[in-house]
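Raw contents of final_13.txt, compact mmCIF, C-alpha atoms:
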# COMPACT_ATOMS: atom_id res chain seq x y z
CA MET A 1 -38.91 -79.96 62.25
CA ILE A 2 -38.29 -76.41 61.15
CA ASP A 3 -37.43 -75.69 57.53
CA ILE A 4 -33.63 -75.80 57.12
CA LYS A 5 -33.95 -73.22 54.33
CA LEU A 6 -35.13 -70.70 56.93
CA LEU A 7 -31.86 -71.19 58.82
CA GLN A 8 -29.86 -70.69 55.66
CA ASN A 9 -31.81 -67.81 54.12
CA ASP A 10 -33.12 -65.81 57.10
CA PHE A 11 -31.07 -66.90 60.09
CA GLU A 12 -31.55 -63.75 62.17
CA LYS A 13 -35.36 -63.94 62.21
CA THR A 14 -35.30 -67.70 62.73
CA SER A 15 -32.85 -67.48 65.62
CA LEU A 16 -34.94 -64.80 67.34
CA SER A 17 -37.97 -67.12 67.22
CA LEU A 18 -35.97 -70.06 68.55
CA GLU A 19 -34.56 -67.95 71.40
CA LYS A 20 -38.15 -67.41 72.56
CA LYS A 21 -38.45 -71.19 72.95
CA GLY A 22 -35.30 -71.34 75.09
CA VAL A 23 -32.68 -72.36 72.51
CA SER A 24 -29.28 -71.09 73.72
CA ASN A 25 -27.06 -68.64 71.85
CA GLU A 26 -24.28 -71.24 71.74
CA VAL A 27 -26.52 -73.75 69.95
CA LEU A 28 -27.75 -71.07 67.57
CA GLU A 29 -24.25 -69.90 66.67
CA ASN A 30 -23.09 -73.46 66.02
CA LEU A 31 -26.22 -74.03 63.99
CA LYS A 32 -25.62 -70.89 61.94
CA THR A 33 -22.06 -71.93 61.08
CA LEU A 34 -23.16 -75.45 60.13
CA ALA A 35 -26.16 -74.25 58.10
CA LEU A 36 -24.09 -71.75 56.11
CA ASN A 37 -21.23 -74.22 55.58
CA THR A 38 -23.73 -76.75 54.26
CA LYS A 39 -25.28 -74.15 51.95
CA TYR A 40 -21.94 -73.01 50.54
CA LYS A 41 -20.56 -76.53 50.16
CA ARG A 42 -23.72 -77.63 48.34
CA GLN A 43 -23.41 -74.63 46.03
CA GLU A 44 -19.78 -75.56 45.32
CA MET A 45 -20.88 -79.12 44.53
CA GLU A 46 -23.62 -77.89 42.17
CA ASP A 47 -21.19 -75.52 40.43
CA THR A 48 -18.69 -78.37 39.97
CA THR A 49 -21.44 -80.60 38.56
CA ALA A 50 -22.52 -77.88 36.14
CA GLU A 51 -18.94 -77.36 34.97
CA GLN A 52 -18.45 -81.11 34.54
CA ASN A 53 -21.65 -81.37 32.48
CA LEU A 54 -20.59 -78.46 30.30
CA LEU A 55 -17.16 -79.97 29.59
CA SER A 56 -18.73 -83.36 28.91
CA LYS A 57 -20.74 -81.76 26.12
CA GLU A 58 -17.54 -80.18 24.83
CA PHE A 59 -15.89 -83.61 24.86
CA GLY A 60 -18.36 -84.87 22.29
CA ARG A 61 -17.67 -81.90 20.05
CA TYR A 62 -13.89 -82.36 20.39
CA LYS A 63 -14.12 -85.99 19.27
CA LYS A 64 -16.40 -85.12 16.38
CA GLU A 65 -13.95 -82.47 15.17
CA ASN A 66 -10.90 -84.70 15.80
CA LEU A 67 -9.42 -82.29 18.35
CA ASP A 68 -6.99 -83.30 21.12
CA VAL A 69 -9.27 -84.60 23.93
CA ILE A 70 -6.59 -85.61 26.44
CA PRO A 71 -6.36 -82.24 28.32
CA LEU A 72 -10.13 -82.00 28.34
CA GLN A 73 -10.50 -85.58 29.58
CA ASP A 74 -8.05 -84.87 32.40
CA LYS A 75 -10.08 -81.82 33.39
CA ILE A 76 -13.34 -83.79 33.35
CA ASN A 77 -11.82 -86.57 35.46
CA SER A 78 -10.50 -83.99 37.94
CA LEU A 79 -13.95 -82.42 38.22
CA LYS A 80 -15.54 -85.87 38.65
CA ASN A 81 -13.23 -86.66 41.55
CA LYS A 82 -13.84 -83.25 43.09
CA LYS A 83 -17.60 -83.72 42.75
CA GLN A 84 -17.43 -87.10 44.52
CA GLU A 85 -15.43 -85.57 47.38
CA LEU A 86 -17.90 -82.69 47.67
CA GLU A 87 -20.87 -85.07 47.65
CA GLU A 88 -19.39 -86.90 50.64
CA GLU A 89 -18.74 -83.61 52.46
CA VAL A 90 -22.26 -82.35 51.76
CA ARG A 91 -23.79 -85.66 52.88
CA ALA A 92 -21.88 -85.53 56.18
CA LEU A 93 -22.75 -81.87 56.76
CA GLU A 94 -26.44 -82.45 56.01
CA GLU A 95 -26.56 -85.45 58.37
CA ASP A 96 -25.03 -83.32 61.14
CA LEU A 97 -27.43 -80.48 60.39
CA SER A 98 -30.48 -82.77 60.32
CA SER A 99 -29.42 -84.34 63.63
CA ILE A 100 -29.29 -80.93 65.30
CA VAL A 101 -32.48 -79.67 63.66
CA LEU A 102 -34.41 -82.73 64.90
CA GLY A 103 -33.65 -81.53 68.43
CA LEU A 104 -34.84 -77.97 67.80
CA PRO A 105 -38.33 -76.93 68.91
CA ASN A 106 -40.94 -75.40 66.65
CA MET A 107 -40.95 -71.63 66.25
CA PRO A 108 -43.82 -69.85 68.03
CA ASP A 109 -46.42 -67.87 66.10
CA GLU A 110 -45.90 -64.13 66.22
CA SER A 111 -49.20 -63.81 68.11
CA VAL A 112 -47.91 -65.90 71.06
CA PRO A 113 -47.09 -63.71 74.10
CA VAL A 114 -43.42 -63.69 75.06
CA GLY A 115 -42.79 -65.05 78.54
CA ALA A 116 -40.35 -67.13 80.55
CA ASP A 117 -42.69 -69.75 82.05
CA GLU A 118 -46.26 -70.67 83.01
CA ASN A 119 -46.50 -67.64 85.31
CA GLU A 120 -46.65 -65.43 82.22
CA ASN A 121 -49.47 -67.31 80.48
CA VAL A 122 -52.56 -65.23 79.67
CA VAL A 123 -56.10 -66.10 80.83
CA LEU A 124 -58.40 -65.43 77.87
CA GLU A 125 -61.79 -66.37 79.29
CA VAL A 126 -63.49 -68.06 82.24
CA VAL A 127 -66.38 -70.32 81.17
CA GLY A 128 -69.11 -71.33 83.60
CA THR A 129 -69.58 -70.73 87.30
CA LYS A 130 -67.64 -72.19 90.20
CA PRO A 131 -69.83 -74.36 92.46
CA THR A 132 -70.64 -73.27 96.00
CA PHE A 133 -70.70 -75.59 99.00
CA SER A 134 -72.25 -75.45 102.46
CA PHE A 135 -69.17 -77.32 103.69
CA THR A 136 -65.45 -77.24 103.04
CA PRO A 137 -64.89 -79.24 99.83
CA LYS A 138 -62.31 -82.00 99.95
CA GLU A 139 -59.66 -83.01 97.48
CA HIS A 140 -60.58 -86.10 95.48
CA TRP A 141 -58.26 -88.45 97.34
CA ASP A 142 -59.95 -87.60 100.66
CA LEU A 143 -63.52 -88.35 99.56
CA GLU A 144 -65.26 -91.30 101.19
CA CYS A 145 -66.75 -92.67 97.96
CA ASP A 146 -64.01 -95.36 97.93
CA TRP A 147 -63.36 -95.26 94.18
CA LEU A 148 -59.58 -94.89 94.16
CA ASP A 149 -57.17 -97.50 95.50
CA PHE A 150 -53.72 -95.92 95.45
CA GLU A 151 -52.09 -98.59 97.61
CA ARG A 152 -53.07 -101.50 95.35
CA GLY A 153 -52.04 -99.51 92.26
CA VAL A 154 -48.56 -99.17 93.76
CA LYS A 155 -48.53 -102.85 94.71
CA LEU A 156 -49.36 -103.86 91.14
CA ALA A 157 -46.82 -101.54 89.52
CA LYS A 158 -45.15 -98.66 91.40
CA SER A 159 -45.90 -95.12 92.54
CA ARG A 160 -48.04 -92.95 90.23
CA PHE A 161 -50.23 -95.92 89.27
CA THR A 162 -53.80 -96.14 90.61
CA ALA A 163 -56.44 -98.85 90.62
CA ILE A 164 -59.99 -97.53 90.17
CA LYS A 165 -62.93 -99.63 91.29
CA GLY A 166 -66.70 -99.87 91.44
CA ASP A 167 -68.66 -96.83 90.34
CA GLY A 168 -65.38 -94.98 89.76
CA ALA A 169 -64.33 -97.55 87.16
CA ARG A 170 -67.77 -97.41 85.56
CA LEU A 171 -67.62 -93.62 85.46
CA GLU A 172 -64.16 -93.73 83.84
CA ARG A 173 -65.59 -95.98 81.09
CA ALA A 174 -68.70 -93.80 80.75
CA LEU A 175 -66.55 -90.69 80.29
CA ILE A 176 -64.55 -92.33 77.50
CA ASN A 177 -67.70 -93.29 75.60
CA TYR A 178 -69.32 -89.91 76.19
CA MET A 179 -66.24 -88.01 74.97
CA LEU A 180 -65.93 -90.12 71.82
CA ASP A 181 -69.63 -89.65 71.02
CA PHE A 182 -69.34 -85.91 71.66
CA ASN A 183 -66.38 -85.59 69.31
CA ARG A 184 -68.05 -87.69 66.61
CA GLN A 185 -71.03 -85.34 66.70
CA ARG A 186 -68.60 -82.47 66.05
CA GLY A 187 -67.31 -84.16 62.91
CA PHE A 188 -64.33 -86.15 64.24
CA ASN A 189 -63.91 -89.63 62.78
CA GLU A 190 -63.30 -92.27 65.46
CA TRP A 191 -60.24 -94.53 65.26
CA TYR A 192 -58.91 -97.37 67.38
CA VAL A 193 -55.11 -97.40 67.15
CA PRO A 194 -52.16 -99.40 68.54
CA PHE A 195 -50.98 -98.44 72.02
CA MET A 196 -47.35 -98.90 70.91
CA ALA A 197 -45.33 -96.99 68.34
CA ASN A 198 -41.99 -97.44 66.61
CA THR A 199 -39.08 -95.01 66.44
CA ASN A 200 -40.06 -93.51 63.09
CA THR A 201 -43.57 -92.79 64.36
CA LEU A 202 -42.28 -91.03 67.47
CA LEU A 203 -39.78 -89.05 65.39
CA GLY A 204 -42.69 -87.87 63.26
CA THR A 205 -44.52 -86.11 66.08
CA GLY A 206 -41.41 -84.93 67.93
CA GLN A 207 -41.22 -87.22 70.97
CA LEU A 208 -37.90 -88.58 69.69
CA PRO A 209 -35.06 -87.98 69.95
CA LYS A 210 -35.44 -85.22 72.54
CA PHE A 211 -37.88 -86.86 74.97
CA ALA A 212 -36.66 -90.45 75.01
CA ASP A 213 -36.29 -90.34 78.81
CA ASP A 214 -40.03 -89.73 79.19
CA LEU A 215 -41.03 -92.82 77.20
CA PHE A 216 -41.50 -96.44 78.29
CA LYS A 217 -39.36 -98.53 75.91
CA ILE A 218 -40.19 -102.18 75.14
CA GLU A 219 -37.02 -104.17 75.78
CA GLY A 220 -35.62 -105.87 72.69
CA GLU A 221 -38.14 -104.24 70.34
CA ASP A 222 -38.28 -101.07 68.27
CA LEU A 223 -41.45 -100.18 70.15
CA TYR A 224 -42.50 -97.73 72.86
CA LEU A 225 -45.74 -97.38 74.82
CA ILE A 226 -47.43 -94.27 73.41
CA PRO A 227 -47.51 -91.10 75.55
CA THR A 228 -50.62 -89.84 73.72
CA ALA A 229 -52.88 -90.88 70.84
CA GLU A 230 -51.60 -87.78 69.01
CA VAL A 231 -48.59 -89.92 68.07
CA SER A 232 -50.66 -92.67 66.45
CA LEU A 233 -53.37 -90.55 64.86
CA THR A 234 -51.01 -88.04 63.26
CA ASN A 235 -48.73 -90.75 61.89
CA LEU A 236 -51.57 -92.64 60.24
CA TYR A 237 -50.63 -90.45 57.28
CA ASN A 238 -46.85 -90.64 57.71
CA ASP A 239 -45.05 -90.39 54.33
CA GLU A 240 -48.31 -89.95 52.39
CA ILE A 241 -49.45 -87.40 49.84
CA LEU A 242 -53.10 -86.50 50.33
CA SER A 243 -55.48 -84.75 48.00
CA LYS A 244 -56.39 -81.23 49.11
CA SER A 245 -60.04 -82.17 48.66
CA GLU A 246 -59.65 -84.75 51.48
CA LEU A 247 -58.75 -82.04 53.99
CA PRO A 248 -59.37 -81.35 56.76
CA LEU A 249 -59.07 -84.81 58.29
CA LEU A 250 -60.61 -84.73 61.78
CA LEU A 251 -59.72 -87.73 63.95
CA THR A 252 -60.49 -88.84 67.49
CA SER A 253 -59.42 -91.85 69.53
CA TYR A 254 -59.35 -93.22 73.03
CA THR A 255 -56.09 -94.71 74.28
CA PRO A 256 -54.31 -95.23 77.55
CA CYS A 257 -51.21 -93.03 77.71
CA PHE A 258 -47.89 -93.91 79.32
CA ARG A 259 -45.33 -91.39 80.56
CA LYS A 260 -42.36 -91.68 82.89
CA GLU A 261 -42.97 -88.09 84.01
CA ALA A 262 -39.22 -87.47 83.97
CA GLY A 263 -38.36 -84.31 85.86
CA SER A 264 -41.61 -84.21 87.84
CA ALA A 265 -40.24 -85.62 91.11
CA GLY A 266 -42.09 -84.12 94.05
CA ARG A 267 -44.89 -82.64 91.90
CA ASP A 268 -48.48 -83.87 92.33
CA THR A 269 -47.41 -86.99 94.17
CA ARG A 270 -50.95 -87.51 95.50
CA GLY A 271 -54.07 -88.21 93.49
CA LEU A 272 -54.74 -88.56 89.77
CA ILE A 273 -53.17 -85.37 88.40
CA ARG A 274 -49.81 -86.83 87.32
CA GLN A 275 -49.84 -90.56 86.62
CA HIS A 276 -47.58 -92.90 84.66
CA GLN A 277 -50.67 -94.43 83.02
CA PHE A 278 -53.86 -92.51 82.28
CA ASP A 279 -56.76 -92.58 79.83
CA LYS A 280 -57.27 -89.82 77.30
CA VAL A 281 -59.54 -89.07 74.39
CA GLU A 282 -57.60 -87.18 71.75
CA MET A 283 -58.47 -84.97 68.80
CA VAL A 284 -56.10 -84.64 65.83
CA ALA A 285 -56.55 -82.63 62.65
CA ILE A 286 -54.59 -82.70 59.41
CA THR A 287 -55.37 -79.63 57.35
CA SER A 288 -54.27 -77.49 54.46
CA GLN A 289 -52.19 -74.51 55.50
CA GLU A 290 -55.15 -72.18 54.91
CA GLN A 291 -57.53 -74.20 57.12
CA SER A 292 -55.50 -74.66 60.27
CA ASP A 293 -56.47 -71.47 62.14
CA GLU A 294 -60.18 -72.18 61.69
CA ILE A 295 -59.77 -75.81 62.76
CA PHE A 296 -57.71 -74.73 65.78
CA GLU A 297 -60.63 -72.60 66.99
CA LYS A 298 -63.03 -75.48 66.31
CA MET A 299 -60.95 -77.85 68.44
CA VAL A 300 -60.65 -75.38 71.33
CA GLN A 301 -64.41 -74.84 71.24
CA CYS A 302 -65.12 -78.57 71.07
CA ALA A 303 -63.11 -79.29 74.24
CA SER A 304 -64.59 -76.25 76.00
CA ASP A 305 -68.15 -77.25 75.08
CA LEU A 306 -67.47 -80.76 76.35
CA LEU A 307 -66.50 -79.35 79.74
CA SER A 308 -69.54 -77.08 79.70
CA SER A 309 -71.80 -80.04 78.96
CA LEU A 310 -70.45 -81.60 82.16
CA GLU A 311 -71.11 -78.26 83.92
CA LEU A 312 -67.48 -77.90 84.89
CA CYS A 313 -66.18 -74.36 85.26
CA HIS A 314 -62.97 -73.83 83.31
CA GLN A 315 -60.75 -71.18 81.83
CA LYS A 316 -59.00 -70.79 78.48
CA VAL A 317 -55.32 -69.95 78.82
CA GLN A 318 -52.97 -68.75 76.07
CA LEU A 319 -49.53 -70.24 76.67
CA CYS A 320 -46.55 -67.90 76.44
CA THR A 321 -43.41 -68.76 74.49
CA GLY A 322 -41.61 -70.16 77.54
CA ASP A 323 -44.40 -72.64 78.30
CA LEU A 324 -45.12 -73.85 74.76
CA GLY A 325 -44.50 -77.53 74.08
CA PHE A 326 -41.68 -78.69 71.82
CA SER A 327 -43.78 -79.13 68.67
CA ALA A 328 -46.32 -76.37 69.23
CA ALA A 329 -46.45 -73.05 67.39
CA VAL A 330 -49.46 -71.91 69.44
CA THR A 331 -51.33 -73.55 72.34
CA ILE A 332 -54.45 -72.85 74.33
CA ASP A 333 -54.87 -74.83 77.55
CA LEU A 334 -58.21 -75.48 79.21
CA GLU A 335 -57.94 -75.49 82.98
CA VAL A 336 -60.78 -76.94 85.04
CA TRP A 337 -61.75 -75.60 88.45
CA LEU A 338 -60.96 -77.97 91.32
CA PRO A 339 -62.70 -76.76 94.50
CA GLY A 340 -60.78 -79.19 96.72
CA GLN A 341 -57.51 -77.64 95.58
CA ASN A 342 -59.09 -74.18 95.23
CA LYS A 343 -57.38 -73.64 91.87
CA PHE A 344 -57.66 -74.22 88.14
CA ARG A 345 -55.68 -77.19 86.76
CA GLU A 346 -54.93 -78.16 83.15
CA ILE A 347 -57.32 -80.72 81.67
CA SER A 348 -56.80 -80.13 77.96
CA SER A 349 -54.10 -78.67 75.75
CA ILE A 350 -54.89 -77.78 72.12
CA SER A 351 -51.96 -76.99 69.81
CA ASN A 352 -51.35 -76.05 66.22
CA THR A 353 -47.93 -77.31 65.15
CA ARG A 354 -48.19 -75.73 61.66
CA ASP A 355 -45.99 -77.82 59.30
CA PHE A 356 -43.48 -78.81 62.02
CA GLN A 357 -44.72 -82.37 62.51
CA ALA A 358 -45.74 -82.81 58.88
CA ARG A 359 -42.21 -81.95 57.77
CA ARG A 360 -40.80 -84.61 60.12
CA ALA A 361 -43.45 -87.19 59.20
CA LYS A 362 -43.55 -86.26 55.48
CA ILE A 363 -47.30 -85.61 55.47
CA ARG A 364 -48.12 -83.66 52.33
CA TYR A 365 -51.08 -82.75 50.14
CA LYS A 366 -51.25 -82.04 46.43
CA ASP A 367 -52.41 -78.56 45.45
CA ASP A 368 -52.29 -77.56 41.78
CA LYS A 369 -49.74 -80.32 41.01
CA LYS A 370 -47.49 -79.11 43.83
CA ASN A 371 -46.79 -81.12 47.02
CA ILE A 372 -47.22 -78.98 50.14
CA PHE A 373 -46.58 -79.89 53.77
CA ALA A 374 -49.85 -80.17 55.71
CA HIS A 375 -50.56 -78.54 59.06
CA THR A 376 -51.22 -80.84 62.01
CA LEU A 377 -53.13 -80.01 65.19
CA ASN A 378 -53.82 -81.97 68.35
CA GLY A 379 -55.73 -81.59 71.57
CA SER A 380 -56.99 -83.49 74.61
CA SER A 381 -60.72 -83.96 74.62
CA LEU A 382 -60.30 -84.79 77.42
CA ALA A 383 -57.81 -86.26 79.87
CA VAL A 384 -60.20 -88.82 81.36
CA GLY A 385 -58.62 -89.24 84.80
CA ARG A 386 -58.50 -85.49 85.35
CA THR A 387 -62.13 -85.25 84.26
CA LEU A 388 -63.01 -87.98 86.74
CA LEU A 389 -61.32 -86.15 89.60
CA ALA A 390 -62.91 -82.85 88.49
CA ILE A 391 -66.33 -84.48 88.72
CA MET A 392 -65.45 -85.94 92.10
CA GLU A 393 -64.46 -82.55 93.49
CA ASN A 394 -67.16 -80.43 91.83
CA TYR A 395 -70.04 -82.87 92.41
CA GLN A 396 -69.07 -84.01 95.90
CA ASN A 397 -71.59 -84.12 98.71
CA GLU A 398 -70.98 -83.53 102.40
CA ASP A 399 -71.20 -87.26 103.17
CA GLY A 400 -68.36 -87.95 100.69
CA SER A 401 -70.59 -89.33 97.93
CA VAL A 402 -70.49 -87.97 94.38
CA THR A 403 -73.48 -86.94 92.27
CA ILE A 404 -73.31 -88.10 88.64
CA PRO A 405 -73.69 -85.34 85.99
CA GLU A 406 -76.97 -85.64 84.08
CA VAL A 407 -75.37 -86.16 80.65
CA LEU A 408 -73.44 -89.19 81.94
CA LYS A 409 -76.37 -91.06 83.50
CA PRO A 410 -77.42 -92.77 80.23
CA TYR A 411 -73.87 -94.13 79.94
CA LEU A 412 -74.08 -95.76 83.38
CA ARG A 413 -77.29 -97.74 82.87
What would you get if you wrote out this structure as structure tokens?
Amino acid sequence: MIDIKLLQNDFEKTSLSLEKKGVSNEVLENLKTLALNTKYKRQEMEDTTAEQNLLSKEFGRYKKENLDVIPLQDKINSLKNKKQELEEEVRALEEDLSSIVLGLPNMPDESVPVGADENENVVLEVVGTKPTFSFTPKEHWDLECDWLDFERGVKLAKSRFTAIKGDGARLERALINYMLDFNRQRGFNEWYVPFMANTNTLLGTGQLPKFADDLFKIEGEDLYLIPTAEVSLTNLYNDEILSKSELPLLLTSYTPCFRKEAGSAGRDTRGLIRQHQFDKVEMVAITSQEQSDEIFEKMVQCASDLLSSLELCHQKVQLCTGDLGFSAAVTIDLEVWLPGQNKFREISSISNTRDFQARRAKIRYKDDKKNIFAHTLNGSSLAVGRTLLAIMENYQNEDGSVTIPEVLKPYLR
């Protein structure tokens, strides 16, 4: 979450940043009133405590000098009662403020271009060359390779679930292993984590409370199916104080991901682009505040090089303020070329959340005897299903078969 002190000490600058992420003026004005009321009430409480402490010292002197302590005792008791009342008021105000702040998005970096939505994102670079075909390329669901069984996926669960079979299933598994090996060679430590998370864990990375409708809840349990391994990997260090010498921590993991895709009705209803369950290999970094920009570039390059190793043309896209995710301060998307759709589509999203998630999850490091909130970063490396369909479309043959990329052949033996 954002630092409440920023709201109290520099509200104008903070509110301008939050407006860029779509926070309404009404919410901001209410927030300003509550933040200032909390600040002033806390100051009144601290002043009352200081006065009570001062008079308590005087009380000892009065008794020692045999002075009349009754008026002073009455004053001390009055201040004690006032302090207790103020403590209750401050506690209630801070709970209200924290509840609102938990629903506020992260502030964008100043370098992020201002824009309303994805149409104002900025293409930074195109990497690789689009393939050429002697025939009209098909979309992945129309290929005759018979890897994807949409009907049986729906029968087993519901729409937006797909069963993958034969060489398609083997290729999905090969991609997972290849991606994990690739990331390990770039210095990321592999983890295997639970596919469920509790409320506190999801609060830590920002999925709760705002995005509860997008999560699959386990009935009768304080557990949810995870929407991404970012949740689990980041919260491995929830409520811990790390040594600065341990940083950066570079982590990678494969997990299935589960999302209700709330609000996506009518979008990408065919194929593997937008599923309720999909595989993903994730990168997460926990860094000192000074390291995070360098690690951000390293993560973007790692995902880009992974796509290049598969000889998949892609572009790097800087997200504008209106398209940034809830927790992100800056994001670069990688969009892979899909010849069947004749367009680039997102396959990876790499974000630096600065100290936003660490503040929520209480992830700190010790630097010169001082506890400092870490920076956390996350990125897909890669979304496995989207990589599978990208291979299907880019490596398709006229007869509907699919050629396997050279780097994956050892993983299919």
Exercise. With a distance cut-off of 12 Å and only C-alpha atoms, select the neighbouring residues of A:Gly166, excluding the residue or stretch itself and same-chain residues fewer than 5 positions from it, and output the selection as a list of chain:residue names.
Key: A:Cys145, A:Asp146, A:Trp147, A:Leu148, A:Asp149, A:Leu171, A:Glu172, A:Arg173, A:Leu412
Practice problem: Give me the residues within 9 Å of A:Phe296 as a ChimeraX atom specification, counting all atoms listed in the file and dropping any in the same chain fewer than 4 places off. | Solution: /A:285,291-292,300-301,350-352,377-378
Exercise. Considering all atoms listed in the file, state which residue in the set A:Tyr395, A:Trp141, A:Phe161, A:Phe188 is at the smallest distance from A:Arg259.
Key: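 Checking each candidate against A:Arg259, we get A:Phe161 as the closest.
The space separating atom CA of A:His276 from atom CA of A:Leu143 comes to 22.3 Å.
If you measure from each of A:Leu16, A:Leu203, A:Ile286, A:Leu312 to A:Asp109 using all atoms listed in the file, the closest one turns out to be A:Leu16.
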Practice problem: Tell me which of A:Ala197, A:Leu233, A:Leu31, A:Ala212 sits closest to A:Val101, counting only C-alpha atoms. | Solution: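 Distance minimum relative to A:Val101 lands on A:Leu31.
Distances to A:Ser304 were evaluated for A:Ile218, A:Leu36, A:Ile347, A:Val114 using all atoms listed in the file, and the minimum falls at A:Ile347.
Pairwise distance (atom CA of A:Lys5, atom CA of A:Lys39) equals 9.0 Å.
Distance check against A:Asp399 using only C-alpha atoms: of A:Glu120, A:Asp74, A:Glu94, A:Glu144, the minimum falls on A:Glu144.
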Practice problem: Write out as a ChimeraX atom specification the residues lying within 12 Å of A:Glu290, counting all atoms listed in the file and excluding same-chain residues fewer than 6 positions away. | Solution: /A:244,247-248,296,354-355,367,372-376
Can we get stretch 234-253 of chain A of that structure written down with N, CA and C atoms, as a short mmCIF file (atom, residue, chain, number, x, y, z; two decimals), in the first residue's frame?
data_model
loop_
_atom_site.label_atom_id
_atom_site.label_comp_id
_atom_site.auth_asym_id
_atom_site.auth_seq_id
_atom_site.Cartn_x
_atom_site.Cartn_y
_atom_site.Cartn_z
N THR A 234 6.38 -13.93 -3.61
CA THR A 234 6.61 -12.67 -2.90
C THR A 234 6.39 -12.87 -1.40
N ASN A 235 5.32 -13.57 -1.05
CA ASN A 235 4.95 -13.72 0.36
C ASN A 235 5.74 -14.79 1.10
N LEU A 236 6.68 -15.44 0.44
CA LEU A 236 7.61 -16.30 1.16
C LEU A 236 8.30 -15.52 2.27
N TYR A 237 8.45 -14.22 2.04
CA TYR A 237 9.18 -13.38 3.00
C TYR A 237 8.25 -12.39 3.71
N ASN A 238 6.96 -12.73 3.75
CA ASN A 238 5.97 -11.92 4.45
C ASN A 238 6.37 -11.77 5.92
N ASP A 239 6.34 -10.53 6.42
CA ASP A 239 6.63 -10.21 7.82
C ASP A 239 8.01 -10.70 8.25
N GLU A 240 8.99 -10.54 7.35
CA GLU A 240 10.37 -10.90 7.68
C GLU A 240 11.28 -9.69 7.49
N ILE A 241 12.37 -9.69 8.25
CA ILE A 241 13.41 -8.67 8.10
C ILE A 241 14.65 -9.36 7.56
N LEU A 242 15.03 -9.01 6.36
CA LEU A 242 16.16 -9.63 5.68
C LEU A 242 17.42 -8.81 5.91
N SER A 243 18.55 -9.44 5.69
CA SER A 243 19.81 -8.70 5.69
C SER A 243 20.02 -8.11 4.30
N LYS A 244 20.54 -6.90 4.23
CA LYS A 244 20.78 -6.28 2.93
C LYS A 244 21.73 -7.11 2.09
N SER A 245 22.63 -7.84 2.75
CA SER A 245 23.61 -8.65 2.02
C SER A 245 22.95 -9.83 1.30
N GLU A 246 21.72 -10.20 1.72
CA GLU A 246 20.99 -11.29 1.06
C GLU A 246 20.39 -10.86 -0.27
N LEU A 247 20.26 -9.58 -0.49
CA LEU A 247 19.54 -9.05 -1.63
C LEU A 247 20.46 -8.80 -2.82
N PRO A 248 19.96 -8.96 -4.04
CA PRO A 248 18.58 -9.29 -4.38
C PRO A 248 18.29 -10.79 -4.28
N LEU A 249 17.05 -11.10 -3.93
CA LEU A 249 16.56 -12.47 -4.00
C LEU A 249 15.83 -12.63 -5.33
N LEU A 250 16.31 -13.56 -6.16
CA LEU A 250 15.73 -13.81 -7.47
C LEU A 250 15.08 -15.19 -7.44
N LEU A 251 13.78 -15.25 -7.69
CA LEU A 251 12.99 -16.47 -7.51
C LEU A 251 12.22 -16.80 -8.79
N THR A 252 12.06 -18.08 -9.05
CA THR A 252 11.23 -18.50 -10.18
C THR A 252 10.46 -19.75 -9.78
N SER A 253 9.27 -19.89 -10.37
CA SER A 253 8.43 -21.05 -10.04
C SER A 253 7.43 -21.30 -11.16
#
